[in-house]
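One structure below.
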Amino acid sequence: MKAYSTDLRERVVRAVKEGRPREEIMHLFGVSRATIKRYAKQHRETGDLAPKSIPGRPARKGDTLRADLWGQLEANRDATLEEHCHIWEATHGQRVSAATMGRAIKSLGWTRKKRRWWPPSVMRRREQPGESGSDKNSRKTGFLSMNAERTSP
(Lines give C-alpha, C1' and ligand atoms only; values in the text may rest on other atoms or scores of the structure.)
Protein backbone atom coordinates (compact mmCIF):
# COMPACT_ATOMS: atom_id res chain seq x y z
CA MET A 1 0.00 0.00 0.00
CA LYS A 2 1.33 3.42 -0.92
CA ALA A 3 1.72 6.13 1.70
CA TYR A 4 -0.50 9.21 1.63
CA SER A 5 1.09 12.25 -0.02
CA THR A 6 2.91 14.85 2.04
CA ASP A 7 0.42 17.45 0.79
CA LEU A 8 -2.52 15.52 2.25
CA ARG A 9 -0.67 15.04 5.52
CA GLU A 10 -0.03 18.79 5.75
CA ARG A 11 -3.71 19.60 5.07
CA VAL A 12 -4.81 17.15 7.79
CA VAL A 13 -2.43 18.69 10.35
CA ARG A 14 -3.50 22.21 9.30
CA ALA A 15 -7.15 21.26 9.88
CA VAL A 16 -6.26 19.88 13.33
CA LYS A 17 -4.45 23.16 14.19
CA GLU A 18 -7.49 25.14 13.03
CA GLY A 19 -9.53 23.23 15.62
CA ARG A 20 -11.87 21.42 13.25
CA PRO A 21 -13.69 18.41 14.71
CA ARG A 22 -12.07 15.03 14.03
CA GLU A 23 -15.26 13.70 12.43
CA GLU A 24 -15.23 16.54 9.90
CA ILE A 25 -11.54 15.94 9.09
CA MET A 26 -12.20 12.22 8.66
CA HIS A 27 -15.01 12.82 6.15
CA LEU A 28 -13.30 15.73 4.40
CA PHE A 29 -10.00 13.94 3.70
CA GLY A 30 -11.10 10.30 3.82
CA VAL A 31 -8.67 9.25 6.55
CA SER A 32 -9.22 7.41 9.82
CA ARG A 33 -9.09 8.84 13.33
CA ALA A 34 -5.87 6.87 13.99
CA THR A 35 -4.26 8.45 10.92
CA ILE A 36 -5.15 11.95 12.14
CA LYS A 37 -3.63 11.18 15.57
CA ARG A 38 -0.50 9.69 14.00
CA TYR A 39 0.09 12.71 11.73
CA ALA A 40 -0.48 15.19 14.56
CA LYS A 41 1.93 13.28 16.82
CA GLN A 42 4.58 12.99 14.09
CA HIS A 43 4.34 16.74 13.38
CA ARG A 44 4.55 17.58 17.10
CA GLU A 45 7.57 15.35 17.73
CA THR A 46 9.64 15.78 14.56
CA GLY A 47 8.15 18.75 12.75
CA ASP A 48 8.22 16.68 9.57
CA LEU A 49 5.37 14.86 7.83
CA ALA A 50 7.33 12.82 5.29
CA PRO A 51 6.35 9.14 5.09
CA LYS A 52 8.57 6.82 7.10
CA SER A 53 10.52 4.09 5.37
CA ILE A 54 9.01 0.63 5.21
CA PRO A 55 10.39 -1.51 8.04
CA GLY A 56 12.40 -4.63 7.37
CA ARG A 57 15.41 -5.38 5.28
CA PRO A 58 15.32 -4.77 1.53
CA ALA A 59 14.80 -7.71 -0.81
CA ARG A 60 18.08 -9.21 -1.99
CA LYS A 61 16.98 -11.60 -4.70
CA GLY A 62 13.85 -9.97 -6.09
CA ASP A 63 15.45 -7.29 -8.26
CA THR A 64 18.02 -9.68 -9.76
CA LEU A 65 15.36 -12.28 -10.44
CA ARG A 66 13.03 -9.84 -12.19
CA ALA A 67 15.88 -8.46 -14.29
CA ASP A 68 17.25 -11.78 -15.61
CA LEU A 69 14.37 -14.23 -15.31
CA TRP A 70 12.46 -13.37 -18.49
CA GLY A 71 15.13 -14.87 -20.73
CA GLN A 72 15.17 -18.08 -18.70
CA LEU A 73 11.38 -18.35 -18.92
CA GLU A 74 11.46 -17.87 -22.70
CA ALA A 75 14.19 -20.49 -23.12
CA ASN A 76 12.53 -23.07 -20.85
CA ARG A 77 8.80 -22.67 -21.47
CA ASP A 78 7.88 -26.18 -20.26
CA ALA A 79 9.96 -26.18 -17.07
CA THR A 80 8.24 -26.53 -13.70
CA LEU A 81 8.77 -24.13 -10.83
CA GLU A 82 11.33 -26.41 -9.18
CA GLU A 83 13.17 -26.86 -12.48
CA HIS A 84 13.37 -23.07 -12.86
CA CYS A 85 14.90 -22.91 -9.36
CA HIS A 86 17.57 -25.45 -10.36
CA ILE A 87 18.28 -23.67 -13.65
CA TRP A 88 18.63 -20.36 -11.80
CA GLU A 89 21.04 -21.87 -9.30
CA ALA A 90 23.12 -23.43 -12.08
CA THR A 91 23.36 -20.25 -14.15
CA HIS A 92 23.56 -17.58 -11.42
CA GLY A 93 25.04 -19.49 -8.47
CA GLN A 94 22.24 -18.27 -6.23
CA ARG A 95 19.82 -20.66 -4.54
CA VAL A 96 16.18 -19.58 -4.79
CA SER A 97 13.18 -21.20 -3.12
CA ALA A 98 10.11 -22.22 -5.10
CA ALA A 99 8.06 -19.55 -3.29
CA THR A 100 10.50 -16.78 -4.26
CA MET A 101 10.65 -18.03 -7.84
CA GLY A 102 6.86 -18.18 -7.99
CA ARG A 103 6.51 -14.60 -6.74
CA ALA A 104 9.08 -13.37 -9.25
CA ILE A 105 7.37 -15.17 -12.15
CA LYS A 106 3.99 -13.80 -11.08
CA SER A 107 5.35 -10.25 -10.83
CA LEU A 108 6.57 -10.53 -14.44
CA GLY A 109 3.08 -11.58 -15.56
CA TRP A 110 4.29 -14.87 -17.04
CA THR A 111 1.74 -17.66 -17.45
CA ARG A 112 2.33 -21.35 -18.17
CA LYS A 113 -0.47 -21.63 -20.70
CA LYS A 114 1.03 -23.51 -23.61
CA ARG A 115 -1.73 -23.82 -26.18
CA ARG A 116 -4.33 -21.53 -27.53
CA TRP A 117 -7.90 -22.74 -27.12
CA TRP A 118 -9.72 -23.69 -30.31
CA PRO A 119 -13.42 -24.59 -30.56
CA PRO A 120 -14.24 -28.22 -31.34
CA SER A 121 -14.25 -29.04 -35.07
CA VAL A 122 -17.53 -30.96 -34.98
CA MET A 123 -20.68 -29.95 -33.21
CA ARG A 124 -22.18 -32.88 -31.33
CA ARG A 125 -25.75 -33.20 -30.25
CA ARG A 126 -26.12 -33.27 -26.50
CA GLU A 127 -28.32 -35.91 -24.87
CA GLN A 128 -31.77 -34.52 -24.16
CA PRO A 129 -33.19 -34.82 -20.65
CA GLY A 130 -34.89 -38.18 -20.25
CA GLU A 131 -33.17 -39.68 -23.27
CA SER A 132 -31.19 -42.80 -22.45
CA GLY A 133 -27.92 -43.90 -23.98
CA SER A 134 -29.57 -46.73 -25.96
CA ASP A 135 -31.94 -44.29 -27.73
CA LYS A 136 -29.01 -42.16 -28.70
CA ASN A 137 -27.03 -45.09 -30.16
CA SER A 138 -29.90 -46.29 -32.34
CA ARG A 139 -29.67 -43.18 -34.53
CA LYS A 140 -26.64 -42.54 -36.67
CA THR A 141 -26.72 -38.77 -36.96
CA GLY A 142 -28.60 -37.91 -33.81
CA PHE A 143 -31.52 -36.50 -35.79
CA LEU A 144 -34.62 -38.26 -37.11
CA SER A 145 -34.70 -38.58 -40.85
CA MET A 146 -37.72 -37.13 -42.61
CA ASN A 147 -38.30 -40.49 -44.32
CA ALA A 148 -37.86 -42.66 -41.23
CA GLU A 149 -40.90 -44.21 -39.69
CA ARG A 150 -41.61 -43.16 -36.18
CA THR A 151 -42.43 -45.89 -33.69
CA SER A 152 -44.32 -45.32 -30.48
CA PRO A 153 -42.69 -46.40 -27.26
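Following the order of the C-alpha coordinates, first chain is A, next is B, and so on, with residues numbered from 1 inside each chain and ligands from 1 in the order they appear.
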Which of segment 1-98 of chain A DSSP labels helix (DSSP H, G or I), written as an mmCIF file with N, CA and C atoms, in the first residue's frame:
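See result-v6.cif below for the written result:
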```
data_model
loop_
_atom_site.group_PDB
_atom_site.id
_atom_site.type_symbol
_atom_site.label_atom_id
_atom_site.label_comp_id
_atom_site.auth_asym_id
_atom_site.auth_seq_id
_atom_site.Cartn_x
_atom_site.Cartn_y
_atom_site.Cartn_z
ATOM 1 N N THR A 6 2.520 13.878 1.023
ATOM 2 C CA THR A 6 2.908 14.855 2.044
ATOM 3 C C THR A 6 1.913 16.008 2.053
ATOM 4 N N ASP A 7 1.393 16.370 0.883
ATOM 5 C CA ASP A 7 0.417 17.450 0.785
ATOM 6 C C ASP A 7 -0.840 17.131 1.606
ATOM 7 N N LEU A 8 -1.345 15.916 1.485
ATOM 8 C CA LEU A 8 -2.524 15.516 2.254
ATOM 9 C C LEU A 8 -2.221 15.531 3.749
ATOM 10 N N ARG A 9 -1.068 15.049 4.110
ATOM 11 C CA ARG A 9 -0.670 15.042 5.518
ATOM 12 C C ARG A 9 -0.646 16.465 6.088
ATOM 13 N N GLU A 10 -0.102 17.401 5.300
ATOM 14 C CA GLU A 10 -0.035 18.793 5.750
ATOM 15 C C GLU A 10 -1.432 19.392 5.898
ATOM 16 N N ARG A 11 -2.341 19.080 4.978
ATOM 17 C CA ARG A 11 -3.710 19.595 5.069
ATOM 18 C C ARG A 11 -4.430 19.028 6.293
ATOM 19 N N VAL A 12 -4.184 17.757 6.613
ATOM 20 C CA VAL A 12 -4.807 17.150 7.792
ATOM 21 C C VAL A 12 -4.308 17.842 9.054
ATOM 22 N N VAL A 13 -3.005 18.044 9.157
ATOM 23 C CA VAL A 13 -2.426 18.687 10.348
ATOM 24 C C VAL A 13 -2.899 20.136 10.439
ATOM 25 N N ARG A 14 -3.004 20.833 9.296
ATOM 26 C CA ARG A 14 -3.496 22.208 9.298
ATOM 27 C C ARG A 14 -4.939 22.259 9.812
ATOM 28 N N ALA A 15 -5.763 21.302 9.411
ATOM 29 C CA ALA A 15 -7.152 21.256 9.876
ATOM 30 C C ALA A 15 -7.218 20.987 11.376
ATOM 31 N N VAL A 16 -6.310 20.152 11.892
ATOM 32 C CA VAL A 16 -6.264 19.884 13.333
ATOM 33 C C VAL A 16 -5.882 21.162 14.082
ATOM 34 N N LYS A 17 -4.884 21.910 13.559
ATOM 35 C CA LYS A 17 -4.453 23.156 14.194
ATOM 36 C C LYS A 17 -5.549 24.213 14.181
ATOM 37 N N ARG A 22 -12.694 16.204 14.666
ATOM 38 C CA ARG A 22 -12.067 15.029 14.035
ATOM 39 C C ARG A 22 -13.006 14.367 13.021
ATOM 40 N N GLU A 23 -14.296 14.310 13.344
ATOM 41 C CA GLU A 23 -15.260 13.696 12.427
ATOM 42 C C GLU A 23 -15.269 14.422 11.088
ATOM 43 N N GLU A 24 -15.225 15.739 11.125
ATOM 44 C CA GLU A 24 -15.226 16.540 9.898
ATOM 45 C C GLU A 24 -13.957 16.279 9.086
ATOM 46 N N ILE A 25 -12.818 16.204 9.764
ATOM 47 C CA ILE A 25 -11.545 15.935 9.086
ATOM 48 C C ILE A 25 -11.570 14.551 8.450
ATOM 49 N N MET A 26 -12.123 13.587 9.174
ATOM 50 C CA MET A 26 -12.203 12.220 8.655
ATOM 51 C C MET A 26 -13.008 12.185 7.357
ATOM 52 N N HIS A 27 -14.155 12.842 7.343
ATOM 53 C CA HIS A 27 -15.009 12.822 6.152
ATOM 54 C C HIS A 27 -14.439 13.694 5.031
ATOM 55 N N LEU A 28 -13.827 14.806 5.390
ATOM 56 C CA LEU A 28 -13.297 15.734 4.403
ATOM 57 C C LEU A 28 -12.118 15.143 3.627
ATOM 58 N N PHE A 29 -11.202 14.464 4.341
ATOM 59 C CA PHE A 29 -9.995 13.942 3.697
ATOM 60 C C PHE A 29 -10.013 12.434 3.470
ATOM 61 N N ARG A 33 -9.441 8.094 12.120
ATOM 62 C CA ARG A 33 -9.094 8.840 13.327
ATOM 63 C C ARG A 33 -7.646 8.531 13.748
ATOM 64 N N ALA A 34 -7.232 7.269 13.620
ATOM 65 C CA ALA A 34 -5.867 6.874 13.989
ATOM 66 C C ALA A 34 -4.840 7.587 13.099
ATOM 67 N N THR A 35 -5.172 7.758 11.837
ATOM 68 C CA THR A 35 -4.259 8.451 10.918
ATOM 69 C C THR A 35 -4.105 9.909 11.332
ATOM 70 N N ILE A 36 -5.204 10.543 11.694
ATOM 71 C CA ILE A 36 -5.152 11.945 12.143
ATOM 72 C C ILE A 36 -4.267 12.056 13.375
ATOM 73 N N LYS A 37 -4.451 11.161 14.352
ATOM 74 C CA LYS A 37 -3.626 11.181 15.570
ATOM 75 C C LYS A 37 -2.155 10.962 15.242
ATOM 76 N N ARG A 38 -1.875 10.012 14.352
ATOM 77 C CA ARG A 38 -0.500 9.689 14.000
ATOM 78 C C ARG A 38 0.195 10.874 13.330
ATOM 79 N N TYR A 39 -0.499 11.557 12.407
ATOM 80 C CA TYR A 39 0.091 12.711 11.730
ATOM 81 C C TYR A 39 0.319 13.866 12.694
ATOM 82 N N ALA A 40 -0.627 14.103 13.585
ATOM 83 C CA ALA A 40 -0.476 15.186 14.562
ATOM 84 C C ALA A 40 0.713 14.906 15.492
ATOM 85 N N LYS A 41 0.826 13.659 15.931
ATOM 86 C CA LYS A 41 1.933 13.281 16.825
ATOM 87 C C LYS A 41 3.277 13.402 16.103
ATOM 88 N N GLN A 42 3.337 12.924 14.855
ATOM 89 C CA GLN A 42 4.585 12.994 14.088
ATOM 90 C C GLN A 42 4.999 14.448 13.873
ATOM 91 N N HIS A 43 4.025 15.322 13.591
ATOM 92 C CA HIS A 43 4.343 16.740 13.376
ATOM 93 C C HIS A 43 4.805 17.398 14.679
ATOM 94 N N ARG A 44 4.170 17.033 15.790
ATOM 95 C CA ARG A 44 4.549 17.581 17.101
ATOM 96 C C ARG A 44 5.960 17.159 17.493
ATOM 97 N N GLU A 45 6.291 15.871 17.266
ATOM 98 C CA GLU A 45 7.574 15.348 17.733
ATOM 99 C C GLU A 45 8.738 15.659 16.804
ATOM 100 N N THR A 46 8.524 15.605 15.505
ATOM 101 C CA THR A 46 9.640 15.784 14.565
ATOM 102 C C THR A 46 9.539 17.052 13.740
ATOM 103 N N GLY A 62 14.964 -10.363 -5.242
ATOM 104 C CA GLY A 62 13.849 -9.971 -6.089
ATOM 105 C C GLY A 62 14.236 -9.169 -7.310
ATOM 106 N N ASP A 63 15.074 -8.143 -7.138
ATOM 107 C CA ASP A 63 15.452 -7.293 -8.262
ATOM 108 C C ASP A 63 16.273 -8.059 -9.298
ATOM 109 N N THR A 64 17.200 -8.884 -8.839
ATOM 110 C CA THR A 64 18.016 -9.683 -9.756
ATOM 111 C C THR A 64 17.150 -10.681 -10.509
ATOM 112 N N LEU A 65 16.250 -11.310 -9.802
ATOM 113 C CA LEU A 65 15.358 -12.277 -10.440
ATOM 114 C C LEU A 65 14.530 -11.620 -11.530
ATOM 115 N N ARG A 66 13.888 -10.494 -11.208
ATOM 116 C CA ARG A 66 13.025 -9.842 -12.189
ATOM 117 C C ARG A 66 13.824 -9.354 -13.393
ATOM 118 N N ALA A 67 15.075 -8.971 -13.189
ATOM 119 C CA ALA A 67 15.884 -8.455 -14.287
ATOM 120 C C ALA A 67 16.310 -9.557 -15.257
ATOM 121 N N ASP A 68 16.677 -10.731 -14.754
ATOM 122 C CA ASP A 68 17.255 -11.776 -15.607
ATOM 123 C C ASP A 68 16.331 -12.959 -15.873
ATOM 124 N N LEU A 69 15.210 -13.033 -15.241
ATOM 125 C CA LEU A 69 14.372 -14.229 -15.307
ATOM 126 C C LEU A 69 13.619 -14.383 -16.620
ATOM 127 N N TRP A 70 13.269 -13.286 -17.275
ATOM 128 C CA TRP A 70 12.457 -13.371 -18.490
ATOM 129 C C TRP A 70 13.128 -14.237 -19.559
ATOM 130 N N GLY A 71 14.411 -14.073 -19.752
ATOM 131 C CA GLY A 71 15.130 -14.874 -20.734
ATOM 132 C C GLY A 71 15.094 -16.357 -20.400
ATOM 133 N N GLN A 72 15.229 -16.681 -19.134
ATOM 134 C CA GLN A 72 15.170 -18.083 -18.702
ATOM 135 C C GLN A 72 13.780 -18.655 -18.957
ATOM 136 N N LEU A 73 12.756 -17.882 -18.693
ATOM 137 C CA LEU A 73 11.385 -18.350 -18.917
ATOM 138 C C LEU A 73 11.130 -18.589 -20.405
ATOM 139 N N GLU A 74 11.619 -17.703 -21.251
ATOM 140 C CA GLU A 74 11.462 -17.865 -22.704
ATOM 141 C C GLU A 74 12.185 -19.110 -23.197
ATOM 142 N N ALA A 75 13.380 -19.354 -22.676
ATOM 143 C CA ALA A 75 14.189 -20.485 -23.124
ATOM 144 C C ALA A 75 13.660 -21.821 -22.604
ATOM 145 N N LEU A 81 8.234 -25.119 -11.756
ATOM 146 C CA LEU A 81 8.770 -24.131 -10.825
ATOM 147 C C LEU A 81 10.078 -24.607 -10.203
ATOM 148 N N GLU A 82 10.105 -25.867 -9.783
ATOM 149 C CA GLU A 82 11.326 -26.414 -9.180
ATOM 150 C C GLU A 82 12.464 -26.471 -10.198
ATOM 151 N N GLU A 83 12.141 -26.823 -11.433
ATOM 152 C CA GLU A 83 13.169 -26.856 -12.482
ATOM 153 C C GLU A 83 13.733 -25.464 -12.730
ATOM 154 N N HIS A 84 12.878 -24.448 -12.698
ATOM 155 C CA HIS A 84 13.368 -23.070 -12.857
ATOM 156 C C HIS A 84 14.297 -22.699 -11.701
ATOM 157 N N CYS A 85 14.012 -23.176 -10.505
ATOM 158 C CA CYS A 85 14.898 -22.910 -9.361
ATOM 159 C C CYS A 85 16.272 -23.538 -9.588
ATOM 160 N N HIS A 86 16.294 -24.777 -10.093
ATOM 161 C CA HIS A 86 17.569 -25.454 -10.358
ATOM 162 C C HIS A 86 18.328 -24.776 -11.492
ATOM 163 N N ILE A 87 17.625 -24.363 -12.529
ATOM 164 C CA ILE A 87 18.280 -23.668 -13.645
ATOM 165 C C ILE A 87 18.875 -22.357 -13.157
ATOM 166 N N TRP A 88 18.135 -21.633 -12.324
ATOM 167 C CA TRP A 88 18.630 -20.359 -11.802
ATOM 168 C C TRP A 88 19.895 -20.567 -10.965
ATOM 169 N N GLU A 89 19.881 -21.595 -10.137
ATOM 170 C CA GLU A 89 21.045 -21.873 -9.301
ATOM 171 C C GLU A 89 22.256 -22.251 -10.152
ATOM 172 N N ALA A 90 22.021 -23.017 -11.215
ATOM 173 C CA ALA A 90 23.122 -23.431 -12.084
ATOM 174 C C ALA A 90 23.709 -22.257 -12.861
ATOM 175 N N THR A 91 22.870 -21.347 -13.318
ATOM 176 C CA THR A 91 23.363 -20.249 -14.145
ATOM 177 C C THR A 91 23.839 -19.042 -13.342
ATOM 178 N N HIS A 92 23.222 -18.777 -12.186
ATOM 179 C CA HIS A 92 23.560 -17.580 -11.417
ATOM 180 C C HIS A 92 24.289 -17.863 -10.105
ATOM 181 N N ALA A 98 11.230 -22.159 -4.154
ATOM 182 C CA ALA A 98 10.114 -22.215 -5.104
ATOM 183 C C ALA A 98 9.149 -21.054 -4.860
#
```
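Distance annotation: of A:Gly102, A:Lys61, A:Ser107, A:Ala3, the residue with the minimal separation from Val31 of chain A is A:Ala3; atom set is only C-alpha atoms.
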**OP:** Compare A:Ile54, A:Ala79, A:Ile105, A:Ala99 by their minimum atom-to-atom distance to Lys2 of chain A, counting only C-alpha atoms, and give me the closest one.
**Re:** A:Ile54
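One finds atom CA of Gly56 of chain A at 24.9 Å from atom CA of Ser32 of chain A.
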